[in-house]
file structure.tsv (TSV, C-alpha atoms)
chain	number	residue	atom	x	y	z
A	1	MET	CA	108.47	115.06	30.02
A	2	ILE	CA	105.08	116.38	28.93
A	3	MET	CA	102.01	114.36	29.89
A	4	GLN	CA	98.55	114.89	28.48
A	5	GLY	CA	95.69	113.28	30.42
A	6	GLN	CA	95.20	110.47	32.87
A	7	GLU	CA	95.74	107.72	30.27
A	8	ASN	CA	99.34	108.81	29.61
A	9	LEU	CA	100.01	108.87	33.34
A	10	ARG	CA	98.69	105.33	33.64
A	11	ARG	CA	101.03	104.22	30.87
A	12	LEU	CA	103.91	105.89	32.67
A	13	PHE	CA	103.18	104.33	36.08
A	14	LYS	CA	103.43	100.56	35.68
A	15	GLN	CA	105.03	98.24	38.22
A	16	ASN	CA	106.44	95.96	35.47
A	17	ALA	CA	107.35	93.08	37.84
A	18	ARG	CA	109.44	95.37	40.06
A	19	PRO	CA	109.34	94.91	43.82
A	20	LEU	CA	107.06	97.36	45.61
A	21	GLY	CA	109.99	99.38	47.01
A	22	ALA	CA	111.59	99.74	43.57
A	23	TYR	CA	108.27	100.78	42.04
A	24	TRP	CA	107.78	103.39	44.77
A	25	SER	CA	111.30	104.78	44.15
A	26	TYR	CA	110.57	104.93	40.43
A	27	ALA	CA	107.29	106.75	41.13
A	28	ILE	CA	109.01	109.34	43.32
A	29	ASP	CA	111.67	110.00	40.68
A	30	THR	CA	109.06	110.18	37.92
A	31	ARG	CA	106.81	112.52	39.90
A	32	ILE	CA	109.67	114.99	40.34
A	33	GLN	CA	110.08	115.15	36.55
A	34	LEU	CA	106.37	115.82	35.87
A	35	PRO	CA	105.08	119.36	35.35
A	36	LEU	CA	103.66	121.08	38.41
A	37	TRP	CA	100.23	121.58	36.86
A	38	ILE	CA	99.46	117.84	37.08
A	39	LYS	CA	97.39	117.26	40.22
A	40	SER	CA	98.84	114.98	42.87
A	41	SER	CA	95.55	113.08	42.99
A	42	LYS	CA	95.95	112.06	39.34
A	43	ILE	CA	99.51	110.89	39.98
A	44	ALA	CA	98.37	108.91	43.04
A	45	LYS	CA	95.56	107.27	41.02
A	46	ALA	CA	97.98	106.38	38.23
A	47	PHE	CA	100.44	104.86	40.74
A	48	VAL	CA	97.73	102.74	42.39
A	49	HIS	CA	96.33	101.70	39.01
A	50	GLY	CA	99.82	100.54	37.97
A	51	LEU	CA	100.18	98.13	40.90
A	52	GLU	CA	100.23	94.45	39.96
A	53	ASP	CA	99.28	93.01	43.37
A	54	THR	CA	95.50	93.29	43.59
A	55	ALA	CA	95.40	92.89	47.38
A	56	THR	CA	97.78	95.81	47.88
A	57	ARG	CA	95.93	97.85	45.26
A	58	ASP	CA	92.55	97.23	46.92
A	59	MET	CA	93.93	98.13	50.35
A	60	MET	CA	95.44	101.36	49.00
A	61	GLU	CA	92.24	102.29	47.18
A	62	ARG	CA	90.18	101.86	50.37
A	63	LYS	CA	92.65	103.96	52.35
A	64	LEU	CA	92.79	106.68	49.69
A	65	TYR	CA	89.00	106.79	49.26
A	66	ALA	CA	88.69	107.30	53.03
A	67	ALA	CA	91.50	109.84	53.44
A	68	GLY	CA	91.41	111.50	50.02
A	69	TRP	CA	93.34	110.88	46.84
A	70	SER	CA	96.56	112.81	47.36
A	71	TRP	CA	100.24	112.11	47.02
A	72	ASP	CA	100.79	112.85	50.72
A	73	VAL	CA	98.29	110.19	51.84
A	74	LEU	CA	99.81	107.73	49.37
A	75	ALA	CA	103.32	108.55	50.62
A	76	GLU	CA	102.28	107.91	54.24
A	77	PHE	CA	100.66	104.61	53.30
A	78	MET	CA	103.71	103.49	51.29
A	79	HIS	CA	106.07	104.48	54.10
A	80	ASN	CA	104.08	102.30	56.54
A	81	LYS	CA	103.77	99.44	54.05
A	82	LEU	CA	107.49	99.37	53.21
A	83	ASN	CA	108.50	99.56	56.88
A	84	GLU	CA	106.10	96.72	57.66
A	85	THR	CA	107.60	94.62	54.87
A	86	LYS	CA	111.14	95.46	55.98
A	87	PHE	CA	110.27	94.47	59.56
A	88	GLN	CA	108.81	91.13	58.45
A	89	THR	CA	111.85	90.22	56.35
A	90	ALA	CA	114.31	91.38	59.02
A	91	ARG	CA	113.03	89.00	61.67
A	92	SER	CA	115.47	86.32	62.67
A	93	PRO	CA	114.80	82.92	61.16
A	94	VAL	CA	112.99	80.37	63.27
A	95	ARG	CA	115.24	77.69	64.71
A	96	MET	CA	114.06	74.18	64.02
A	97	LYS	CA	113.92	71.08	66.20
A	98	ALA	CA	116.20	68.27	65.25
A	99	GLY	CA	114.55	64.86	64.98
A	100	SER	CA	115.53	62.13	67.41
A	101	GLY	CA	116.64	59.91	64.54
A	102	LYS	CA	114.10	57.14	65.16
A	103	PRO	CA	113.26	55.23	61.97
A	104	GLY	CA	109.47	55.77	62.11
A	105	GLU	CA	109.63	59.44	63.02
A	106	ASP	CA	108.53	61.97	60.43
A	107	SER	CA	110.45	65.20	60.36
A	108	LYS	CA	108.44	68.34	60.96
A	109	PRO	CA	109.88	71.22	58.95
A	110	ASN	CA	109.52	74.72	60.30
A	111	THR	CA	108.55	73.58	63.79
A	112	PRO	CA	109.65	76.27	66.24
A	113	ILE	CA	111.61	75.30	69.31
A	114	LYS	CA	109.74	75.63	72.57
A	115	HIS	CA	111.98	77.09	75.22
A	116	ARG	CA	111.54	75.72	78.70
A	117	LYS	CA	110.92	78.17	81.46
A	118	LYS	CA	113.71	78.35	83.96
A	119	LYS	CA	112.61	76.63	87.16
A	120	LYS	CA	112.90	78.50	90.39
A	121	ARG	CA	115.22	76.78	92.77
A	122	ARG	CA	113.87	75.97	96.17
A	123	VAL	CA	115.84	77.59	98.96
A	124	ILE	CA	116.00	75.94	102.36
A	125	PRO	CA	117.75	78.00	104.96
A	126	ILE	CA	120.24	76.13	107.17
A	127	ILE	CA	120.05	77.14	110.79
A	128	PRO	CA	123.18	76.34	112.77
A	129	ALA	CA	122.75	74.07	115.76
A	130	ASP	CA	122.84	75.77	119.13
A	131	GLU	CA	123.82	74.24	122.52
A	132	ASP	CA	120.34	72.87	123.27
A	133	ASP	CA	120.24	70.98	119.93
A	134	LEU	CA	123.69	69.52	120.58
A	135	LEU	CA	122.64	68.31	124.06
A	136	GLU	CA	119.52	66.63	122.60
A	137	MET	CA	121.55	64.85	119.94
A	138	ASN	CA	124.09	63.53	122.48
A	139	SER	CA	121.53	62.19	124.93
call {"tool": "encode", "arguments": {"input": "structure.tsv", "output": "structure tokens"}}
result
Amino acid sequence: MIMQGQENLRRLFKQNARPLGAYWSYAIDTRIQLPLWIKSSKIAKAFVHGLEDTATRDMMERKLYAAGWSWDVLAEFMHNKLNETKFQTARSPVRMKAGSGKPGEDSKPNTPIKHRKKKKRRVIPIIPADEDDLLEMNS
């Protein structure tokens, strides 16, 4: 695979409606096949330019401008981004309240259940009656 110039790299790195994780895997595999004389900064720029999500692209560009355009900085950012996405999708679904069934009640979708705090039980110690108490009760 011989690439001449930044424009050919930009044609090579396109997200093409793939999920971000699949696009990142494609980029890693493609980078391995590129000649060593191509600078990692050019590959990183082509990858970011090929992103379809403008919010993600803008965030990556700001990070890379601050830290430097290199494949290593991009790889760290993508590792964090993909782990963040994986964490958000792996959360357990929110349980919903069931309606009481009253005719005028509107259902509230996606309303989380509020768990009640467990009440502390009040403890009253029982002191056994001694002889003096028994004598008072009998008199």
call {"tool": "residues_around", "arguments": {"input": "structure.tsv", "residues": "Lys63 in chain A", "least_positions_apart": "4", "cutoff": "10 Å", "atoms": "all atoms listed in the file", "output": "ChimeraX atom specification"}}
result
/A:57-59,67-69,73-74,77
call {"tool": "closest_residue", "arguments": {"input": "structure.tsv", "among": "A:Pro35, A:Lys118, A:Met60, A:Leu12", "to": "Ala75 in chain A", "atoms": "only C-alpha atoms"}}
result
A:Met60
call {"tool": "closest_residue", "arguments": {"input": "structure.tsv", "among": "A:Glu52, A:Asp133, A:Asp72, A:Glu84", "to": "Lys39 in chain A", "atoms": "only C-alpha atoms"}}
result
A:Asp72
call {"tool": "atom_distance", "arguments": {"input": "structure.tsv", "atom1": "CA of Asp53 in chain A", "atom2": "CA of Gln15 in chain A"}}
result
9.3 Å
call {"tool": "atom_distance", "arguments": {"input": "structure.tsv", "atom1": "CA of Tyr23 in chain A", "atom2": "CA of Met78 in chain A"}}
result
10.7 Å
call {"tool": "residues_around", "arguments": {"input": "structure.tsv", "residues": "range 26-34 of chain A", "least_positions_apart": "6", "cutoff": "12 Å", "atoms": "all atoms listed in the file", "output": "tab-separated table (two decimals) with C-alpha atoms, in the coordinates of the input"}}
result
chain	number	residue	atom	x	y	z
A	1	MET	CA	108.47	115.06	30.02
A	2	ILE	CA	105.08	116.38	28.93
A	3	MET	CA	102.01	114.36	29.89
A	4	GLN	CA	98.55	114.89	28.48
A	8	ASN	CA	99.34	108.81	29.61
A	9	LEU	CA	100.01	108.87	33.34
A	10	ARG	CA	98.69	105.33	33.64
A	12	LEU	CA	103.91	105.89	32.67
A	13	PHE	CA	103.18	104.33	36.08
A	14	LYS	CA	103.43	100.56	35.68
A	15	GLN	CA	105.03	98.24	38.22
A	16	ASN	CA	106.44	95.96	35.47
A	18	ARG	CA	109.44	95.37	40.06
A	19	PRO	CA	109.34	94.91	43.82
A	20	LEU	CA	107.06	97.36	45.61
A	40	SER	CA	98.84	114.98	42.87
A	41	SER	CA	95.55	113.08	42.99
A	42	LYS	CA	95.95	112.06	39.34
A	43	ILE	CA	99.51	110.89	39.98
A	44	ALA	CA	98.37	108.91	43.04
A	45	LYS	CA	95.56	107.27	41.02
A	46	ALA	CA	97.98	106.38	38.23
A	47	PHE	CA	100.44	104.86	40.74
A	48	VAL	CA	97.73	102.74	42.39
A	50	GLY	CA	99.82	100.54	37.97
A	51	LEU	CA	100.18	98.13	40.90
A	71	TRP	CA	100.24	112.11	47.02
A	72	ASP	CA	100.79	112.85	50.72
A	74	LEU	CA	99.81	107.73	49.37
A	75	ALA	CA	103.32	108.55	50.62
A	78	MET	CA	103.71	103.49	51.29
call {"tool": "atom_distance", "arguments": {"input": "structure.tsv", "atom1": "CA of Ser139 in chain A", "atom2": "CA of Ile124 in chain A"}}
result
27.0 Å
call {"tool": "closest_residue", "arguments": {"input": "structure.tsv", "among": "A:Leu135, A:His49, A:Thr56, A:Ala66", "to": "Leu82 in chain A", "atoms": "all atoms listed in the file"}}
result
A:Thr56
call {"tool": "build_atoms", "arguments": {"input": "structure.tsv", "residues": "range 61-72 of chain A", "atoms": "all heavy atoms", "output": "mmCIF file, in the coordinates of the input"}}
result
data_model
loop_
_atom_site.group_PDB
_atom_site.id
_atom_site.type_symbol
_atom_site.label_atom_id
_atom_site.label_comp_id
_atom_site.auth_asym_id
_atom_site.auth_seq_id
_atom_site.Cartn_x
_atom_site.Cartn_y
_atom_site.Cartn_z
ATOM 1 N N GLU A 61 93.422 101.574 47.661
ATOM 2 C CA GLU A 61 92.240 102.290 47.180
ATOM 3 C C GLU A 61 91.279 102.593 48.329
ATOM 4 O O GLU A 61 90.753 103.703 48.423
ATOM 5 C CB GLU A 61 91.533 101.468 46.099
ATOM 6 C CG GLU A 61 92.245 101.515 44.768
ATOM 7 C CD GLU A 61 91.603 100.625 43.717
ATOM 8 O OE1 GLU A 61 90.748 99.772 44.076
ATOM 9 O OE2 GLU A 61 91.960 100.774 42.539
ATOM 10 N N ARG A 62 91.065 101.619 49.220
ATOM 11 C CA ARG A 62 90.180 101.860 50.370
ATOM 12 C C ARG A 62 90.730 102.969 51.250
ATOM 13 O O ARG A 62 90.003 103.857 51.688
ATOM 14 C CB ARG A 62 90.009 100.572 51.185
ATOM 15 C CG ARG A 62 89.052 99.591 50.552
ATOM 16 C CD ARG A 62 88.668 98.495 51.538
ATOM 17 N NE ARG A 62 89.795 97.763 52.096
ATOM 18 C CZ ARG A 62 90.349 96.691 51.527
ATOM 19 N NH1 ARG A 62 89.885 96.227 50.395
ATOM 20 N NH2 ARG A 62 91.361 96.089 52.111
ATOM 21 N N LYS A 63 92.028 102.944 51.499
ATOM 22 C CA LYS A 63 92.650 103.960 52.350
ATOM 23 C C LYS A 63 92.549 105.338 51.686
ATOM 24 O O LYS A 63 92.228 106.329 52.351
ATOM 25 C CB LYS A 63 94.117 103.592 52.584
ATOM 26 C CG LYS A 63 94.942 104.627 53.266
ATOM 27 C CD LYS A 63 95.128 104.315 54.699
ATOM 28 C CE LYS A 63 96.118 105.302 55.292
ATOM 29 N NZ LYS A 63 95.932 105.496 56.666
ATOM 30 N N LEU A 64 92.815 105.397 50.393
ATOM 31 C CA LEU A 64 92.790 106.680 49.690
ATOM 32 C C LEU A 64 91.366 107.209 49.509
ATOM 33 O O LEU A 64 91.161 108.417 49.525
ATOM 34 C CB LEU A 64 93.506 106.561 48.348
ATOM 35 C CG LEU A 64 95.038 106.398 48.464
ATOM 36 C CD1 LEU A 64 95.635 106.002 47.132
ATOM 37 C CD2 LEU A 64 95.680 107.659 48.977
ATOM 38 N N TYR A 65 90.392 106.322 49.325
ATOM 39 C CA TYR A 65 89.000 106.790 49.260
ATOM 40 C C TYR A 65 88.589 107.403 50.593
ATOM 41 O O TYR A 65 87.884 108.405 50.635
ATOM 42 C CB TYR A 65 88.046 105.644 48.907
ATOM 43 C CG TYR A 65 87.970 105.353 47.435
ATOM 44 C CD1 TYR A 65 88.203 104.075 46.960
ATOM 45 C CD2 TYR A 65 87.661 106.344 46.508
ATOM 46 C CE1 TYR A 65 88.142 103.787 45.606
ATOM 47 C CE2 TYR A 65 87.597 106.070 45.156
ATOM 48 C CZ TYR A 65 87.840 104.792 44.711
ATOM 49 O OH TYR A 65 87.784 104.522 43.375
ATOM 50 N N ALA A 66 89.055 106.799 51.699
ATOM 51 C CA ALA A 66 88.690 107.300 53.030
ATOM 52 C C ALA A 66 89.406 108.612 53.353
ATOM 53 O O ALA A 66 88.801 109.546 53.885
ATOM 54 C CB ALA A 66 88.999 106.263 54.090
ATOM 55 N N ALA A 67 90.706 108.686 53.041
ATOM 56 C CA ALA A 67 91.500 109.840 53.440
ATOM 57 C C ALA A 67 91.605 110.904 52.349
ATOM 58 O O ALA A 67 92.001 112.030 52.633
ATOM 59 C CB ALA A 67 92.905 109.392 53.852
ATOM 60 N N GLY A 68 91.283 110.555 51.128
ATOM 61 C CA GLY A 68 91.410 111.500 50.020
ATOM 62 C C GLY A 68 92.562 111.133 49.116
ATOM 63 O O GLY A 68 93.627 110.747 49.578
ATOM 64 N N TRP A 69 92.328 111.250 47.826
ATOM 65 C CA TRP A 69 93.340 110.880 46.840
ATOM 66 C C TRP A 69 94.374 111.997 46.746
ATOM 67 O O TRP A 69 94.179 112.979 46.039
ATOM 68 C CB TRP A 69 92.693 110.654 45.479
ATOM 69 C CG TRP A 69 91.980 109.348 45.396
ATOM 70 C CD1 TRP A 69 90.694 109.106 45.728
ATOM 71 C CD2 TRP A 69 92.526 108.104 44.972
ATOM 72 N NE1 TRP A 69 90.399 107.792 45.533
ATOM 73 C CE2 TRP A 69 91.516 107.147 45.062
ATOM 74 C CE3 TRP A 69 93.787 107.696 44.519
ATOM 75 C CZ2 TRP A 69 91.708 105.816 44.722
ATOM 76 C CZ3 TRP A 69 93.971 106.369 44.175
ATOM 77 C CH2 TRP A 69 92.944 105.443 44.278
ATOM 78 N N SER A 70 95.468 111.844 47.459
ATOM 79 C CA SER A 70 96.560 112.810 47.360
ATOM 80 C C SER A 70 97.881 112.068 47.469
ATOM 81 O O SER A 70 97.952 110.953 47.982
ATOM 82 C CB SER A 70 96.457 113.874 48.454
ATOM 83 O OG SER A 70 96.839 113.343 49.699
ATOM 84 N N TRP A 71 98.913 112.716 46.978
ATOM 85 C CA TRP A 71 100.240 112.110 47.020
ATOM 86 C C TRP A 71 100.713 111.960 48.462
ATOM 87 O O TRP A 71 101.376 110.991 48.796
ATOM 88 C CB TRP A 71 101.221 112.969 46.207
ATOM 89 C CG TRP A 71 102.571 112.336 46.131
ATOM 90 C CD1 TRP A 71 103.644 112.630 46.894
ATOM 91 C CD2 TRP A 71 102.971 111.283 45.262
ATOM 92 N NE1 TRP A 71 104.704 111.825 46.561
ATOM 93 C CE2 TRP A 71 104.312 110.989 45.546
ATOM 94 C CE3 TRP A 71 102.330 110.554 44.267
ATOM 95 C CZ2 TRP A 71 105.029 109.996 44.877
ATOM 96 C CZ3 TRP A 71 103.048 109.575 43.598
ATOM 97 C CH2 TRP A 71 104.373 109.308 43.911
ATOM 98 N N ASP A 72 100.355 112.908 49.330
ATOM 99 C CA ASP A 72 100.790 112.850 50.720
ATOM 100 C C ASP A 72 100.200 111.641 51.448
ATOM 101 O O ASP A 72 100.901 110.962 52.207
ATOM 102 C CB ASP A 72 100.404 114.131 51.460
ATOM 103 C CG ASP A 72 101.134 115.345 50.909
ATOM 104 O OD1 ASP A 72 102.247 115.171 50.368
ATOM 105 O OD2 ASP A 72 100.591 116.464 51.015
#
